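Next comes run_7.pdb, with PDB, C-alpha atoms and all ligand atoms.
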ATOM      1  CA  MET R   1       0.000   0.000   0.000  1.00  0.00           C
ATOM      2  CA  LEU R   2       1.316   3.400  -0.888  1.00  0.00           C
ATOM      3  CA  VAL R   3       1.166   6.182   1.595  1.00  0.00           C
ATOM      4  CA  TYR R   4      -0.191   9.226  -0.120  1.00  0.00           C
ATOM      5  CA  GLU R   5      -1.257  12.777   0.524  1.00  0.00           C
ATOM      6  CA  LYS R   6      -4.918  13.493   0.026  1.00  0.00           C
ATOM      7  CA  ASN R   7      -4.032  16.388  -2.269  1.00  0.00           C
ATOM      8  CA  SER R   8      -2.062  14.227  -4.667  1.00  0.00           C
ATOM      9  CA  LEU R   9      -4.792  11.589  -4.698  1.00  0.00           C
ATOM     10  CA  ALA R  10      -7.366  14.291  -5.425  1.00  0.00           C
ATOM     11  CA  GLU R  11      -5.186  15.489  -8.309  1.00  0.00           C
ATOM     12  CA  GLU R  12      -4.808  11.961  -9.624  1.00  0.00           C
ATOM     13  CA  ILE R  13      -8.549  11.455  -9.572  1.00  0.00           C
ATOM     14  CA  GLU R  14      -8.991  14.727 -11.409  1.00  0.00           C
ATOM     15  CA  GLU R  15      -6.563  13.497 -14.084  1.00  0.00           C
ATOM     16  CA  LEU R  16      -8.402  10.170 -14.345  1.00  0.00           C
ATOM     17  CA  VAL R  17     -11.686  12.026 -14.801  1.00  0.00           C
ATOM     18  CA  LYS R  18     -10.069  14.038 -17.602  1.00  0.00           C
ATOM     19  CA  THR R  19      -8.925  10.779 -19.215  1.00  0.00           C
ATOM     20  CA  TYR R  20     -12.096   8.730 -18.825  1.00  0.00           C
ATOM     21  CA  GLY R  21     -14.734  11.451 -18.609  1.00  0.00           C
ATOM     22  CA  ASN R  22     -17.151  12.426 -15.868  1.00  0.00           C
ATOM     23  CA  GLU R  23     -20.089  10.239 -16.897  1.00  0.00           C
ATOM     24  CA  ARG R  24     -21.362   7.186 -15.019  1.00  0.00           C
ATOM     25  CA  PRO R  25     -19.586   4.635 -17.365  1.00  0.00           C
ATOM     26  CA  SER R  26     -16.248   6.175 -16.311  1.00  0.00           C
ATOM     27  CA  LEU R  27     -16.709   4.907 -12.769  1.00  0.00           C
ATOM     28  CA  LEU R  28     -15.303   1.406 -13.262  1.00  0.00           C
ATOM     29  CA  PRO R  29     -12.120   2.382 -15.156  1.00  0.00           C
ATOM     30  CA  ILE R  30     -11.405   5.100 -12.593  1.00  0.00           C
ATOM     31  CA  LEU R  31     -11.887   2.642  -9.726  1.00  0.00           C
ATOM     32  CA  GLU R  32      -9.670   0.081 -11.465  1.00  0.00           C
ATOM     33  CA  ALA R  33      -6.901   2.658 -11.880  1.00  0.00           C
ATOM     34  CA  ILE R  34      -7.013   3.645  -8.196  1.00  0.00           C
ATOM     35  CA  GLN R  35      -7.203   0.003  -7.098  1.00  0.00           C
ATOM     36  CA  SER R  36      -4.262  -0.920  -9.285  1.00  0.00           C
ATOM     37  CA  LYS R  37      -2.067   1.837  -7.856  1.00  0.00           C
ATOM     38  CA  TYR R  38      -3.059   1.836  -4.163  1.00  0.00           C
ATOM     39  CA  ASN R  39      -4.344  -1.712  -3.735  1.00  0.00           C
ATOM     40  CA  TYR R  40      -7.612  -0.336  -2.338  1.00  0.00           C
ATOM     41  CA  ILE R  41     -10.018   2.563  -2.742  1.00  0.00           C
ATOM     42  CA  SER R  42     -10.147   4.685   0.387  1.00  0.00           C
ATOM     43  CA  ASP R  43     -13.212   6.533   1.710  1.00  0.00           C
ATOM     44  CA  PHE R  44     -11.589   9.774   0.603  1.00  0.00           C
ATOM     45  CA  ALA R  45     -11.063   8.453  -2.933  1.00  0.00           C
ATOM     46  CA  GLN R  46     -14.656   7.196  -3.071  1.00  0.00           C
ATOM     47  CA  GLN R  47     -15.972  10.612  -2.092  1.00  0.00           C
ATOM     48  CA  GLU R  48     -13.767  12.446  -4.578  1.00  0.00           C
ATOM     49  CA  ILE R  49     -14.813  10.131  -7.406  1.00  0.00           C
ATOM     50  CA  ALA R  50     -18.485  10.462  -6.470  1.00  0.00           C
ATOM     51  CA  GLN R  51     -18.198  14.246  -6.497  1.00  0.00           C
ATOM     52  CA  HIS R  52     -16.547  14.333  -9.936  1.00  0.00           C
ATOM     53  CA  LEU R  53     -19.112  11.969 -11.429  1.00  0.00           C
ATOM     54  CA  ALA R  54     -22.023  13.690  -9.656  1.00  0.00           C
ATOM     55  CA  ILE R  55     -23.216  10.441  -8.092  1.00  0.00           C
ATOM     56  CA  HIS R  56     -23.761   9.406  -4.469  1.00  0.00           C
ATOM     57  CA  PRO R  57     -20.751   7.899  -2.606  1.00  0.00           C
ATOM     58  CA  VAL R  58     -22.990   4.920  -1.749  1.00  0.00           C
ATOM     59  CA  GLU R  59     -23.163   4.115  -5.457  1.00  0.00           C
ATOM     60  CA  VAL R  60     -19.369   4.132  -5.661  1.00  0.00           C
ATOM     61  CA  TYR R  61     -19.174   1.853  -2.629  1.00  0.00           C
ATOM     62  CA  SER R  62     -21.774  -0.535  -4.044  1.00  0.00           C
ATOM     63  CA  VAL R  63     -19.738  -0.968  -7.239  1.00  0.00           C
ATOM     64  CA  ILE R  64     -16.611  -1.660  -5.154  1.00  0.00           C
ATOM     65  CA  SER R  65     -18.542  -4.240  -3.100  1.00  0.00           C
ATOM     66  CA  PHE R  66     -19.908  -5.922  -6.225  1.00  0.00           C
ATOM     67  CA  TYR R  67     -16.540  -6.632  -7.863  1.00  0.00           C
ATOM     68  CA  SER R  68     -14.209  -8.986  -6.000  1.00  0.00           C
ATOM     69  CA  PHE R  69     -11.125  -7.317  -7.516  1.00  0.00           C
ATOM     70  CA  LEU R  70     -12.015  -3.945  -5.957  1.00  0.00           C
ATOM     71  CA  HIS R  71     -11.461  -3.313  -2.250  1.00  0.00           C
ATOM     72  CA  ALA R  72     -12.592  -0.579   0.113  1.00  0.00           C
ATOM     73  CA  GLU R  73     -10.026  -1.668   2.729  1.00  0.00           C
ATOM     74  CA  PRO R  74      -6.278  -2.154   2.392  1.00  0.00           C
ATOM     75  CA  LYS R  75      -5.457  -5.765   1.464  1.00  0.00           C
ATOM     76  CA  GLY R  76      -2.253  -7.731   1.485  1.00  0.00           C
ATOM     77  CA  ARG R  77       0.132  -7.834  -1.455  1.00  0.00           C
ATOM     78  CA  ASN R  78      -1.047 -11.388  -2.067  1.00  0.00           C
ATOM     79  CA  ILE R  79      -4.592 -12.707  -1.787  1.00  0.00           C
ATOM     80  CA  VAL R  80      -4.898 -16.351  -0.772  1.00  0.00           C
ATOM     81  CA  ARG R  81      -8.356 -17.851  -1.239  1.00  0.00           C
ATOM     82  CA  LEU R  82      -9.166 -21.354  -0.035  1.00  0.00           C
ATOM     83  CA  CYS R  83     -12.162 -23.101  -1.597  1.00  0.00           C
ATOM     84  CA  GLN R  84     -14.896 -23.694   0.964  1.00  0.00           C
ATOM     85  CA  THR R  85     -17.373 -25.505  -1.291  1.00  0.00           C
ATOM     86  CA  ILE R  86     -18.498 -29.057  -0.552  1.00  0.00           C
ATOM     87  CA  SER R  87     -16.063 -31.189  -2.594  1.00  0.00           C
ATOM     88  CA  CYS R  88     -13.057 -29.415  -1.130  1.00  0.00           C
ATOM     89  CA  ASP R  89     -14.698 -29.514   2.272  1.00  0.00           C
ATOM     90  CA  LEU R  90     -15.051 -33.302   2.032  1.00  0.00           C
ATOM     91  CA  ALA R  91     -11.486 -33.603   0.722  1.00  0.00           C
ATOM     92  CA  GLY R  92     -10.006 -32.064   3.878  1.00  0.00           C
ATOM     93  CA  LYS R  93     -10.333 -28.293   3.546  1.00  0.00           C
ATOM     94  CA  SER R  94     -10.734 -27.823   7.312  1.00  0.00           C
ATOM     95  CA  LYS R  95      -7.317 -29.256   8.154  1.00  0.00           C
ATOM     96  CA  VAL R  96      -5.689 -27.103   5.482  1.00  0.00           C
ATOM     97  CA  ALA R  97      -7.569 -24.023   6.765  1.00  0.00           C
ATOM     98  CA  GLU R  98      -6.496 -24.696  10.344  1.00  0.00           C
ATOM     99  CA  ALA R  99      -2.844 -25.151   9.353  1.00  0.00           C
ATOM    100  CA  ILE R 100      -2.813 -21.973   7.248  1.00  0.00           C
ATOM    101  CA  GLN R 101      -4.366 -19.878  10.011  1.00  0.00           C
ATOM    102  CA  LYS R 102      -1.908 -21.210  12.549  1.00  0.00           C
ATOM    103  CA  GLU R 103       1.059 -20.635  10.257  1.00  0.00           C
ATOM    104  CA  LEU R 104       0.095 -17.051   9.366  1.00  0.00           C
ATOM    105  CA  GLY R 105      -1.285 -16.132  12.784  1.00  0.00           C
ATOM    106  CA  ILE R 106      -4.477 -14.698  11.267  1.00  0.00           C
ATOM    107  CA  ARG R 107      -8.007 -15.880  10.609  1.00  0.00           C
ATOM    108  CA  PHE R 108      -9.891 -15.923   7.312  1.00  0.00           C
ATOM    109  CA  GLY R 109     -10.914 -12.391   6.347  1.00  0.00           C
ATOM    110  CA  GLU R 110      -7.750 -10.940   7.903  1.00  0.00           C
ATOM    111  CA  THR R 111      -4.413  -9.636   6.602  1.00  0.00           C
ATOM    112  CA  THR R 112      -0.976 -10.307   8.056  1.00  0.00           C
ATOM    113  CA  ARG R 113       0.612  -7.350   9.860  1.00  0.00           C
ATOM    114  CA  ASP R 114       3.323  -7.030   7.240  1.00  0.00           C
ATOM    115  CA  ARG R 115       0.560  -6.932   4.589  1.00  0.00           C
ATOM    116  CA  ARG R 116       2.148  -9.893   2.841  1.00  0.00           C
ATOM    117  CA  ILE R 117      -1.007 -12.008   2.732  1.00  0.00           C
ATOM    118  CA  THR R 118      -4.768 -11.542   2.957  1.00  0.00           C
ATOM    119  CA  LEU R 119      -6.578 -14.781   3.689  1.00  0.00           C
ATOM    120  CA  GLU R 120     -10.080 -15.364   2.345  1.00  0.00           C
ATOM    121  CA  TYR R 121     -12.483 -18.154   1.533  1.00  0.00           C
ATOM    122  CA  THR R 122     -13.834 -18.544  -1.966  1.00  0.00           C
ATOM    123  CA  ASN R 123     -16.484 -20.683  -3.568  1.00  0.00           C
ATOM    124  CA  CYS R 124     -15.832 -23.471  -6.079  1.00  0.00           C
ATOM    125  CA  LEU R 125     -12.791 -22.904  -8.287  1.00  0.00           C
ATOM    126  CA  GLY R 126     -13.873 -25.587 -10.767  1.00  0.00           C
ATOM    127  CA  MET R 127     -11.229 -28.047  -9.542  1.00  0.00           C
ATOM    128  CA  CYS R 128     -13.644 -30.146  -7.477  1.00  0.00           C
ATOM    129  CA  ASP R 129     -12.059 -33.523  -8.288  1.00  0.00           C
ATOM    130  CA  CYS R 130      -8.621 -32.215  -7.220  1.00  0.00           C
ATOM    131  CA  GLY R 131      -9.489 -30.691  -3.839  1.00  0.00           C
ATOM    132  CA  PRO R 132      -8.719 -29.171  -1.498  1.00  0.00           C
ATOM    133  CA  ALA R 133      -7.957 -26.272  -3.812  1.00  0.00           C
ATOM    134  CA  MET R 134      -6.806 -22.691  -3.271  1.00  0.00           C
ATOM    135  CA  ILE R 135      -5.903 -19.770  -5.458  1.00  0.00           C
ATOM    136  CA  VAL R 136      -2.964 -17.509  -4.683  1.00  0.00           C
ATOM    137  CA  ASN R 137      -3.424 -14.316  -6.678  1.00  0.00           C
ATOM    138  CA  ASP R 138      -3.945 -15.902 -10.147  1.00  0.00           C
ATOM    139  CA  ALA R 139      -2.335 -19.308  -9.544  1.00  0.00           C
ATOM    140  CA  VAL R 140      -4.507 -22.309  -8.626  1.00  0.00           C
ATOM    141  CA  TYR R 141      -3.135 -25.069  -6.363  1.00  0.00           C
ATOM    142  CA  THR R 142      -4.855 -28.424  -5.961  1.00  0.00           C
ATOM    143  CA  HIS R 143      -4.510 -31.649  -3.949  1.00  0.00           C
ATOM    144  CA  LEU R 144      -3.508 -29.610  -0.910  1.00  0.00           C
ATOM    145  CA  ASP R 145      -2.637 -31.013   2.445  1.00  0.00           C
ATOM    146  CA  PRO R 146      -1.539 -28.869   5.416  1.00  0.00           C
ATOM    147  CA  GLN R 147       2.205 -29.285   4.725  1.00  0.00           C
ATOM    148  CA  ARG R 148       1.917 -28.476   1.030  1.00  0.00           C
ATOM    149  CA  ALA R 149      -0.286 -25.434   1.684  1.00  0.00           C
ATOM    150  CA  ILE R 150       2.227 -24.055   4.205  1.00  0.00           C
ATOM    151  CA  LYS R 151       5.106 -24.640   1.808  1.00  0.00           C
ATOM    152  CA  ILE R 152       3.259 -22.727  -0.940  1.00  0.00           C
ATOM    153  CA  LEU R 153       2.576 -19.833   1.430  1.00  0.00           C
ATOM    154  CA  SER R 154       6.195 -19.725   2.549  1.00  0.00           C
ATOM    155  CA  GLU R 155       7.268 -19.116  -1.050  1.00  0.00           C
ATOM    156  CA  ILE R 156       5.070 -16.035  -1.462  1.00  0.00           C
ATOM    157  CA  LYS R 157       7.014 -12.779  -1.258  1.00  0.00           C
TER
HETATM  158  S1  LIG R 201     -15.496 -27.520  -4.545  1.00  0.00           S
HETATM  159 FE1  LIG R 201     -13.503 -26.704  -4.355  1.00  0.00          FE
HETATM  160  S2  LIG R 201     -12.914 -26.421  -6.409  1.00  0.00           S
HETATM  161 FE2  LIG R 201     -14.965 -27.084  -6.563  1.00  0.00          FE
END
Rewrite the structure of this file - the entire thing - as structure tokens.
Amino acid sequence: MLVYEKNSLAEEIEELVKTYGNERPSLLPILEAIQSKYNYISDFAQQEIAQHLAIHPVEVYSVISFYSFLHAEPKGRNIVRLCQTISCDLAGKSKVAEAIQKELGIRFGETTRDRRITLEYTNCLGMCDCGPAMIVNDAVYTHLDPQRAIKILSEIK
């Protein structure tokens, strides 16, 4: 996460509005640009964007909530999502989940203090016959057991 001054963020948003326009369809590209740079879209950014596009901040927040790649809170540099759907559950997801939480010292829905990893559950990744499965950023891992999951996490920078 970058530390930034509100003034420079306000200027950046102004530039983005110049690039994409100040109509409602510009909302998503502007949010994507802010997300990509800061890793989340702060309350301040949401309000600035809403003001430029003449829409309510709640509308900005609802778009952020709808898309899983947009975040209103700071997340870790890496997002680890463990499948919680039934096939992976039956294949031993709970043991993997327990081991991961213990190893990282956080629970699902939380981020490590060093912001290295955010841990989340996800629904079916389409790898049901190879469970338990998890996705680390864009990479899918299957046939997990606690040891393998911990090894994978230890290799994440
Ligand atoms: S149930 Fe986990 S990948 Fe489908």
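With atom CA of R:Glu110 on one side and atom CA of R:Tyr40 on the other, the separation reads 14.7 Å.
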List the residues matched by the PyMOL selection byres (((not hetatm)) within 10 of (chain R and resi 201)) in the displayed structure as a PyMOL selection string, ordered by chain and then by residue number. chain R and resi 82-91+93+122-135+140-142
Can you give me, as a list in words, the residues this file yields under the PyMOL selection byres (((chain R and resi 146-152) around 7) and not hetatm)?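 This file, filtered by the PyMOL selection byres (((chain R and resi 146-152) around 7) and not hetatm), leaves Lys95, Val96, Ala99, Ile100, Leu144, Asp145, Leu153, Ser154, Glu155 and Ile156 of chain R.
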Could you please take those selected residues and save C-alpha atoms as a CSV table (one decimal), in the coordinates of the input?
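Output below, filename selection.csv:
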chain,number,residue,atom,x,y,z
R,95,LYS,CA,-7.3,-29.3,8.2
R,96,VAL,CA,-5.7,-27.1,5.5
R,99,ALA,CA,-2.8,-25.2,9.4
R,100,ILE,CA,-2.8,-22.0,7.2
R,144,LEU,CA,-3.5,-29.6,-0.9
R,145,ASP,CA,-2.6,-31.0,2.4
R,153,LEU,CA,2.6,-19.8,1.4
R,154,SER,CA,6.2,-19.7,2.5
R,155,GLU,CA,7.3,-19.1,-1.0
R,156,ILE,CA,5.1,-16.0,-1.5
For atom CA of R:Gln46 and atom CA of R:Tyr20, determine how far apart the two atoms are, in Å to one decimal place.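 The value is 16.0 Å.
Residue nearest R:Ser65, chosen from R:Tyr38, R:Leu31, R:His52, R:Leu119 and counting only C-alpha atoms: R:Leu31.
Separating atom CA of R:Ser68 from atom CA of R:Ile41 is a distance of 12.7 Å.
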Could you spell out the hits of the PyMOL selection byres (((chain R and resi 111) around 12) and not hetatm) on the shown file, as a ChimeraX atom specification? /R:73-80,101,104-110,112-120
Given all atoms listed in the file as the basis, pick out the residue of R:Ile55, R:Asn7, R:Val60, R:Val136 nearest to R:Ile30. R:Val60
Six-sided padding of 3 Å per side, axis-aligned box over stretch 23-32 of chain R, centre and edges in Å, one decimal, as lines of an AutoDock Vina configuration file:
center_x = -15.5
center_y = 5.2
center_z = -13.5
size_x = 17.7
size_y = 16.2
size_z = 13.6
Which residues, written as an NGL selection string, have at least one atom at most 12 Å from R:Leu9, with all atoms listed in the file counted and residues fewer than 3 positions away on the same chain left out? :R and (2-6 or 12-16 or 33-34 or 37-38 or 41-49)
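In terms of minimum interatomic distance to R:Ser26, R:Ala50 ranks closest within R:Pro57, R:Lys102, R:Ala50, R:His143, counting only C-alpha atoms.
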